[in-house]
Amino acid sequence: MVGGEHMIGRSRWAVVAALAIGMLSAPTASSASPPRPEVTPAALRLFMVSDSVGLGAVGPLRQAFSGWQVTITGEPGLFTEQLTTKYVQPQPLSVFGDSAIVATGYNYPYWDPPRFARSVDQMVATLLAKGVQRVFWVTFREVKPQYYSSWNSLSATYKTLYSAYPSANDQLRAALGRHPEMSLIDWASIADQTGLTYDAIHLNPTGASKYAYLAANTVYTASSRQAAGTITELTVAGEHGVPADAVAVSLNLTEVNPRTTGYVTAYPCGGDRPIVSNLNYRAAQTVGSAAVVPIGVDGKVCVFQSTPGHVIVDLNGAFGADSTFAAITPQRAIDTRDTTVPTAGQVTTVHLGALAGVPAAPFTAVASLTTLAGASGDTRIFTCGTTPPASPSRSYDVGFVQNLTQFVATDANGDVCVTTSGNAHVIVDLFGAFPTEADIHPITAQRIVDTRIAGGVLSPGVPRTLQITGSAGVPGNPMPTGALLTLTLVSPASNGFATAYPCSAGTPSTAVLNVLPNHTQTNSVVAGVDAVGTVCVMSNISTQLVVDISGWTGTVFGTIAPARLFDSRL
C-alpha cells in the first residue's frame, strides 16, 4: 500500500475487461458447429508449486486470484528438486500460463547450500520450458527468537535449519541475476511480527491472508513494471499550484516492487543525467526518499530508474524564481567506499564548497546522505565546528542502502560533517544550494514529537497536528511557508505509510515514507505550513511517531496541497 491505495483488483480487472471485450468482438460460431471448450487465456492462468507452508494458504490464494485459473500443487517435506521432478515436470502444458509461483525451500539443505542454488536453476528452467514467462519465488520467513516464543524449545537441528533461512533468501536474491524472468514475493519483509504462524513457519489464518495478499499484489503489479532504464518526463511548472517560473520542486520518490536492486535519479529534463541517485532500493522493496529537483526544459523534471519496477512521484511544494536557489548539476561530494570505512564516532568532513556552481560559503546545502553499513546504527550530518545534534539524522538497518535528503548549513569553508554510531560507509551528493541571504533557515535538528515518551501512538487514519510556529525557535511572524522535517515511524506493527501536509489542505493521497513490520523507517520532507503555523501527519497504521525539525522556510518555498504527479501502476 502506497499513499492510501492498493492495486489488487485494478490490474486484474483491467486484464479481465480487455479479454472480455476481445471475446465479445470475436466472430460467432455457426449453430451447426459443436461448442468449443473454453480456454482460459495465459494471462489469467497461474501455476503454483509449494511445500507445506504455501499449501497452508490455498484458500486465500484462490480468493486473491479470483477470476484466474489457479493450479496449486506440491507436498510437505520435499526438497525443491524433488518438487520439480514430481510436481512440475509431469504437469500438462494446459495448467501453465504466463505466471508461476514457487514456494519451496523451507526444507533447505543447510549442509549443502550450492545444492539449493542448483535446484533453483532447475526449477526455473523447468517452468520456462513449460511456457511460463514470469517466475515468482516466495522468500522464507526468517525465524527470529523475538517473534517466536518457542525458540528456546526448538531442537538443535531446527535451530540450525531456521538460522539458515537468511542465507537462503540471499541465494534467492542472487538468483535474480541469473534469471531475468524471476522475481521475488518478499514474504520475509513483512513476516517480522507475531501472530502469523502456529509454529515458527506454518501459516495460521491471519498469516495465510497476508501471504495471499502479498503474492497477488506482487504478481499483478509485476506484469506492468516499467523497464530498466525508463526515463519518465513530468511537467511540473504551472501544474498543481507550482508557479510557471519556479526553479525547483520538492518531491517524494517511491519505488514499488522492483525486480532487482537498483536506484532512482531525478534531474532537470534537457540536461545530462547525473551519476548520483536520490533513492536506492533492493528487490521487491517499497521505499521512498525525498528529493529537491531543479526544473528543466519545458518546465519538466525527469525520473530515471535503473531496474524494472514501478515509480511513484509525489509533489510537496516549489521554490520560486526569486528563491535564489542555485540549481547546480547534481554531483558527488564524497564516497568513503573509495577510501576506508569510517569508524564509530569518526567525524568525516565533506568539502561541498569545492563543487562547481555553489554560492560563496557559508551557504545552505541541499544534500543527499546515503549510508551503507554491515550493522544497524545511526548517522548525523551537521555544520562542521558545531556539536553533532542529539537526535540522529536517521537510523539504518543492516543490508539496506539508506538515503536521506537534508538541508544543512555549511561552515565558512563550505564544509559539512558526518558521523555514524558504527562502522559505516557514507556517500554525500549535492543537489542544490541557497546563498546565506536566502529566506531559508537551517538549524541544528531538534526533536518536537516523540510518541514513545508522551502523547500515545499515532492511530490509523487519525491526523496528528504539529504546531510548527513556536517550536524550536520557529517564528510566527512572518509565518513560515515550510518546515524542514524528518519523520520516523518506529517499529511499526504492520506494513503501511505516512504522509505530511498543511493541515488546512486536508489529507492528500500522497506518501512521505513507507514501512515494513518492526523495521523503523525515516524520511525527510519540506512540509507546507498552513496559515496558523501547523503541519499534520497521518499514517494508515498504528505506530510510534518521531518528528525532528531542522529548519524552516520563508519566501523561498511555495506552499501547495501535496499532489500525486505520477504512478506507473495506473
# chains A, B, ... in the order shown; residues from 1 in each chain; ligands from 1
call {"tool": "closest_atom_pairs", "arguments": {"of": "segment 119-214 of chain A", "to": "segment 297-308 of chain A", "cutoff": "12 Å", "atoms": "only C-alpha atoms", "output": "CSV"}}
result
residue,atom,partner,partner_atom,distance
A:Leu176,CA,A:Thr307,CA,11.8
A:Gly177,CA,A:Thr307,CA,11.6
A:Pro180,CA,A:Pro308,CA,10.2
A:Glu181,CA,A:Pro308,CA,11.3
A:Met182,CA,A:Pro308,CA,11.7
A:Ser183,CA,A:Pro308,CA,10.3
call {"tool": "residues_around", "arguments": {"residues": "Glu81 of chain A", "least_positions_apart": "6", "cutoff": "12 Å", "atoms": "only C-alpha atoms", "output": "VMD selection string"}}
result
chain A and resid 49 to 51 74 87 to 89 102 104 to 105 107 to 109 115 to 126
call {"tool": "closest_residue", "arguments": {"among": "A:Pro460, A:Pro60, A:Pro478, A:Pro435", "to": "Ala360 of chain A", "atoms": "only C-alpha atoms"}}
result
A:Pro435
call {"tool": "select_by_dssp", "arguments": {"residues": "segment 249-279 of chain A", "states": "strand (DSSP E)", "output": "PDB file with N, CA, C and O atoms, in the first residue's frame"}}
result
ATOM      1  N   VAL A 249      11.445  21.910  -7.531  1.00  0.00           N
ATOM      2  CA  VAL A 249      10.302  21.350  -6.814  1.00  0.00           C
ATOM      3  C   VAL A 249      10.789  20.391  -5.730  1.00  0.00           C
ATOM      4  O   VAL A 249      11.856  19.789  -5.845  1.00  0.00           O
ATOM      5  N   SER A 250       9.974  20.279  -4.684  1.00  0.00           N
ATOM      6  CA  SER A 250      10.211  19.308  -3.627  1.00  0.00           C
ATOM      7  C   SER A 250       9.342  18.093  -3.897  1.00  0.00           C
ATOM      8  O   SER A 250       8.114  18.199  -3.952  1.00  0.00           O
ATOM      9  N   LEU A 251       9.984  16.936  -4.088  1.00  0.00           N
ATOM     10  CA  LEU A 251       9.285  15.716  -4.473  1.00  0.00           C
ATOM     11  C   LEU A 251       9.526  14.614  -3.451  1.00  0.00           C
ATOM     12  O   LEU A 251      10.471  14.671  -2.668  1.00  0.00           O
ATOM     13  N   ASN A 252       8.669  13.613  -3.500  1.00  0.00           N
ATOM     14  CA  ASN A 252       8.956  12.341  -2.839  1.00  0.00           C
ATOM     15  C   ASN A 252       8.898  11.256  -3.900  1.00  0.00           C
ATOM     16  O   ASN A 252       7.923  11.147  -4.650  1.00  0.00           O
ATOM     17  N   LEU A 253       9.967  10.469  -3.985  1.00  0.00           N
ATOM     18  CA  LEU A 253      10.081   9.400  -4.980  1.00  0.00           C
ATOM     19  C   LEU A 253       9.911   8.066  -4.282  1.00  0.00           C
ATOM     20  O   LEU A 253      10.555   7.812  -3.263  1.00  0.00           O
ATOM     21  N   THR A 254       9.059   7.207  -4.816  1.00  0.00           N
ATOM     22  CA  THR A 254       8.828   5.894  -4.221  1.00  0.00           C
ATOM     23  C   THR A 254       8.995   4.820  -5.283  1.00  0.00           C
ATOM     24  O   THR A 254       8.472   4.953  -6.392  1.00  0.00           O
ATOM     25  N   GLU A 255       9.725   3.778  -4.937  1.00  0.00           N
ATOM     26  CA  GLU A 255       9.871   2.615  -5.809  1.00  0.00           C
ATOM     27  C   GLU A 255       9.014   1.490  -5.250  1.00  0.00           C
ATOM     28  O   GLU A 255       9.023   1.217  -4.040  1.00  0.00           O
ATOM     29  N   VAL A 256       8.252   0.821  -6.140  1.00  0.00           N
ATOM     30  CA  VAL A 256       7.329  -0.245  -5.735  1.00  0.00           C
ATOM     31  C   VAL A 256       7.637  -1.514  -6.520  1.00  0.00           C
ATOM     32  O   VAL A 256       7.680  -1.500  -7.747  1.00  0.00           O
ATOM     33  N   GLY A 262      18.443  -1.618  -7.231  1.00  0.00           N
ATOM     34  CA  GLY A 262      18.687  -0.546  -8.187  1.00  0.00           C
ATOM     35  C   GLY A 262      18.550   0.820  -7.553  1.00  0.00           C
ATOM     36  O   GLY A 262      18.623   0.971  -6.335  1.00  0.00           O
ATOM     37  N   TYR A 263      18.320   1.838  -8.395  1.00  0.00           N
ATOM     38  CA  TYR A 263      18.248   3.206  -7.889  1.00  0.00           C
ATOM     39  C   TYR A 263      17.377   4.064  -8.802  1.00  0.00           C
ATOM     40  O   TYR A 263      17.075   3.705  -9.950  1.00  0.00           O
ATOM     41  N   VAL A 264      16.969   5.218  -8.266  1.00  0.00           N
ATOM     42  CA  VAL A 264      16.187   6.219  -8.993  1.00  0.00           C
ATOM     43  C   VAL A 264      16.936   7.541  -8.913  1.00  0.00           C
ATOM     44  O   VAL A 264      17.455   7.909  -7.849  1.00  0.00           O
ATOM     45  N   THR A 265      16.999   8.253 -10.026  1.00  0.00           N
ATOM     46  CA  THR A 265      17.601   9.579 -10.080  1.00  0.00           C
ATOM     47  C   THR A 265      16.616  10.551 -10.709  1.00  0.00           C
ATOM     48  O   THR A 265      16.054  10.276 -11.778  1.00  0.00           O
ATOM     49  N   ALA A 266      16.371  11.683 -10.047  1.00  0.00           N
ATOM     50  CA  ALA A 266      15.526  12.740 -10.593  1.00  0.00           C
ATOM     51  C   ALA A 266      16.411  13.940 -10.934  1.00  0.00           C
ATOM     52  O   ALA A 266      17.305  14.300 -10.155  1.00  0.00           O
ATOM     53  N   TYR A 267      16.157  14.563 -12.073  1.00  0.00           N
ATOM     54  CA  TYR A 267      17.032  15.635 -12.545  1.00  0.00           C
ATOM     55  C   TYR A 267      16.276  16.508 -13.536  1.00  0.00           C
ATOM     56  O   TYR A 267      15.211  16.126 -14.046  1.00  0.00           O
ATOM     57  N   PRO A 268      16.784  17.714 -13.846  1.00  0.00           N
ATOM     58  CA  PRO A 268      16.098  18.586 -14.799  1.00  0.00           C
ATOM     59  C   PRO A 268      16.162  18.024 -16.211  1.00  0.00           C
ATOM     60  O   PRO A 268      17.245  17.664 -16.690  1.00  0.00           O
ATOM     61  N   LEU A 279      17.396   7.780  -4.656  1.00  0.00           N
ATOM     62  CA  LEU A 279      16.747   6.680  -3.955  1.00  0.00           C
ATOM     63  C   LEU A 279      17.412   5.371  -4.348  1.00  0.00           C
ATOM     64  O   LEU A 279      17.626   5.112  -5.535  1.00  0.00           O
TER      65      LEU A 279
END
call {"tool": "closest_atom_pairs", "arguments": {"of": "segment 317-368 of chain A", "to": "segment 547-563 of chain A", "cutoff": "10 Å", "atoms": "only C-alpha atoms", "output": "JSON lines"}}
result
{"residue": "A:Gly317", "atom": "CA", "partner": "A:Ile560", "partner_atom": "CA", "distance": 5.6}
{"residue": "A:Ala318", "atom": "CA", "partner": "A:Gly558", "partner_atom": "CA", "distance": 5.2}
{"residue": "A:Phe319", "atom": "CA", "partner": "A:Phe557", "partner_atom": "CA", "distance": 4.7}
{"residue": "A:Gly320", "atom": "CA", "partner": "A:Val556", "partner_atom": "CA", "distance": 6.2}
{"residue": "A:Ala321", "atom": "CA", "partner": "A:Val556", "partner_atom": "CA", "distance": 8.5}
{"residue": "A:Asp322", "atom": "CA", "partner": "A:Val556", "partner_atom": "CA", "distance": 6.9}
{"residue": "A:Ser323", "atom": "CA", "partner": "A:Val556", "partner_atom": "CA", "distance": 4.2}
{"residue": "A:Thr324", "atom": "CA", "partner": "A:Val556", "partner_atom": "CA", "distance": 7.6}
{"residue": "A:Phe325", "atom": "CA", "partner": "A:Val556", "partner_atom": "CA", "distance": 8.0}
call {"tool": "write_last_selection", "arguments": {"atoms": "N, CA, C and O atoms", "output": "mmCIF file, in the first residue's frame"}}
result
data_model
loop_
_atom_site.group_PDB
_atom_site.id
_atom_site.type_symbol
_atom_site.label_atom_id
_atom_site.label_comp_id
_atom_site.auth_asym_id
_atom_site.auth_seq_id
_atom_site.Cartn_x
_atom_site.Cartn_y
_atom_site.Cartn_z
ATOM 1 N N GLY A 317 5.872 20.788 -2.885
ATOM 2 C CA GLY A 317 5.988 22.242 -2.931
ATOM 3 C C GLY A 317 6.991 22.660 -3.984
ATOM 4 O O GLY A 317 7.550 21.822 -4.713
ATOM 5 N N ALA A 318 7.237 23.976 -4.075
ATOM 6 C CA ALA A 318 8.101 24.506 -5.127
ATOM 7 C C ALA A 318 8.922 25.667 -4.602
ATOM 8 O O ALA A 318 8.546 26.354 -3.635
ATOM 9 N N PHE A 319 10.045 25.887 -5.266
ATOM 10 C CA PHE A 319 10.915 27.014 -4.974
ATOM 11 C C PHE A 319 10.833 27.983 -6.150
ATOM 12 O O PHE A 319 11.127 27.612 -7.295
ATOM 13 N N GLY A 320 10.413 29.225 -5.865
ATOM 14 C CA GLY A 320 10.126 30.192 -6.915
ATOM 15 C C GLY A 320 11.355 30.809 -7.543
ATOM 16 O O GLY A 320 12.500 30.599 -7.101
ATOM 17 N N ALA A 321 11.102 31.613 -8.573
ATOM 18 C CA ALA A 321 12.191 32.234 -9.324
ATOM 19 C C ALA A 321 13.010 33.175 -8.456
ATOM 20 O O ALA A 321 14.199 33.396 -8.713
ATOM 21 N N ASP A 322 12.399 33.760 -7.412
ATOM 22 C CA ASP A 322 13.105 34.688 -6.541
ATOM 23 C C ASP A 322 13.685 34.011 -5.304
ATOM 24 O O ASP A 322 14.090 34.666 -4.346
ATOM 25 N N SER A 323 13.744 32.680 -5.309
ATOM 26 C CA SER A 323 14.227 31.953 -4.137
ATOM 27 C C SER A 323 15.737 31.971 -4.010
ATOM 28 O O SER A 323 16.268 31.598 -2.964
ATOM 29 N N THR A 324 16.438 32.369 -5.058
ATOM 30 C CA THR A 324 17.912 32.354 -5.170
ATOM 31 C C THR A 324 18.483 30.942 -5.072
ATOM 32 O O THR A 324 19.663 30.757 -4.765
ATOM 33 N N PHE A 325 17.640 29.931 -5.360
ATOM 34 C CA PHE A 325 18.118 28.546 -5.358
ATOM 35 C C PHE A 325 19.140 28.357 -6.474
ATOM 36 O O PHE A 325 18.890 28.721 -7.630
#
call {"tool": "residues_around", "arguments": {"residues": "Thr499 of chain A", "least_positions_apart": "4", "cutoff": "6 Å", "atoms": "only C-alpha atoms", "output": "JSON list (two decimals) with all heavy atoms, in the first residue's frame"}}
result
[["chain", "number", "residue", "atom", "x", "y", "z"],
["A", 511, "ALA", "N", 2.31, 10.02, -0.13],
["A", 511, "ALA", "CA", 3.05, 9.40, 0.96],
["A", 511, "ALA", "C", 4.40, 10.07, 1.12],
["A", 511, "ALA", "O", 4.99, 10.55, 0.15],
["A", 511, "ALA", "CB", 3.24, 7.91, 0.71],
["A", 512, "VAL", "N", 4.88, 10.11, 2.36],
["A", 512, "VAL", "CA", 6.22, 10.59, 2.65],
["A", 512, "VAL", "C", 7.16, 9.41, 2.88],
["A", 512, "VAL", "O", 8.31, 9.42, 2.46],
["A", 512, "VAL", "CB", 6.23, 11.53, 3.86],
["A", 512, "VAL", "CG1", 7.65, 11.83, 4.33],
["A", 512, "VAL", "CG2", 5.52, 12.84, 3.51],
["A", 537, "VAL", "N", 0.41, 15.15, 10.30],
["A", 537, "VAL", "CA", 0.99, 13.86, 9.93],
["A", 537, "VAL", "C", -0.08, 12.81, 10.12],
["A", 537, "VAL", "O", -0.74, 12.77, 11.15],
["A", 537, "VAL", "CB", 2.23, 13.52, 10.79],
["A", 537, "VAL", "CG1", 2.76, 12.14, 10.44],
["A", 537, "VAL", "CG2", 3.31, 14.57, 10.60],
["A", 538, "MET", "N", -0.26, 11.96, 9.10],
["A", 538, "MET", "CA", -1.25, 10.89, 9.17],
["A", 538, "MET", "C", -0.63, 9.60, 8.67],
["A", 538, "MET", "O", 0.11, 9.60, 7.69],
["A", 538, "MET", "CB", -2.49, 11.23, 8.34],
["A", 538, "MET", "CG", -3.69, 10.31, 8.57],
["A", 538, "MET", "SD", -3.61, 8.76, 7.63],
["A", 538, "MET", "CE", -3.80, 9.33, 5.96]]
call {"tool": "closest_residue", "arguments": {"among": "A:Ala200, A:Gln82, A:Ser542, A:Gly377", "to": "Leu154 of chain A", "atoms": "only C-alpha atoms"}}
result
A:Ala200
call {"tool": "closest_residue", "arguments": {"among": "A:Asn523, A:Thr232, A:Asn204, A:Ser504", "to": "Thr370 of chain A", "atoms": "only C-alpha atoms"}}
result
A:Asn523
call {"tool": "residues_around", "arguments": {"residues": "Arg45 of chain A", "least_positions_apart": "6", "cutoff": "9 Å", "atoms": "only C-alpha atoms", "output": "MDAnalysis selection string"}}
result
chainID A and resid 68:71 94:100
call {"tool": "closest_residue", "arguments": {"among": "A:Ala483, A:Ala248, A:Leu565, A:Ala365", "to": "Gly533 of chain A", "atoms": "only C-alpha atoms"}}
result
A:Ala483
call {"tool": "residues_around", "arguments": {"residues": "segment 411-414 of chain A", "least_positions_apart": "4", "cutoff": "6 Å", "atoms": "only C-alpha atoms", "output": "ChimeraX atom specification"}}
result
/A:352-353,361-362,383-384
call {"tool": "write_last_selection", "arguments": {"atoms": "N, CA and C atoms", "output": "short mmCIF file (atom, residue, chain, number, x, y, z; two decimals), in the first residue's frame"}}
result
data_model
loop_
_atom_site.label_atom_id
_atom_site.label_comp_id
_atom_site.auth_asym_id
_atom_site.auth_seq_id
_atom_site.Cartn_x
_atom_site.Cartn_y
_atom_site.Cartn_z
N LEU A 352 31.88 20.59 0.43
CA LEU A 352 30.88 21.00 -0.56
C LEU A 352 31.27 22.29 -1.27
N GLY A 353 32.00 23.16 -0.58
CA GLY A 353 32.35 24.44 -1.16
C GLY A 353 33.25 24.33 -2.37
N ALA A 361 30.66 30.51 0.30
CA ALA A 361 30.41 29.97 1.65
C ALA A 361 30.36 31.11 2.67
N PRO A 362 29.58 30.91 3.74
CA PRO A 362 28.74 29.74 4.02
C PRO A 362 27.45 29.78 3.21
N THR A 383 26.74 21.05 10.64
CA THR A 383 27.72 22.06 10.29
C THR A 383 29.03 21.78 11.00
N CYS A 384 30.11 21.71 10.25
CA CYS A 384 31.40 21.47 10.88
C CYS A 384 31.71 22.59 11.89
#
call {"tool": "residues_around", "arguments": {"residues": "Tyr501 of chain A", "least_positions_apart": "5", "cutoff": "8 Å", "atoms": "only C-alpha atoms", "output": "MDAnalysis selection string"}}
result
chainID A and resid 316 506:508 527:529 535:537 561:562
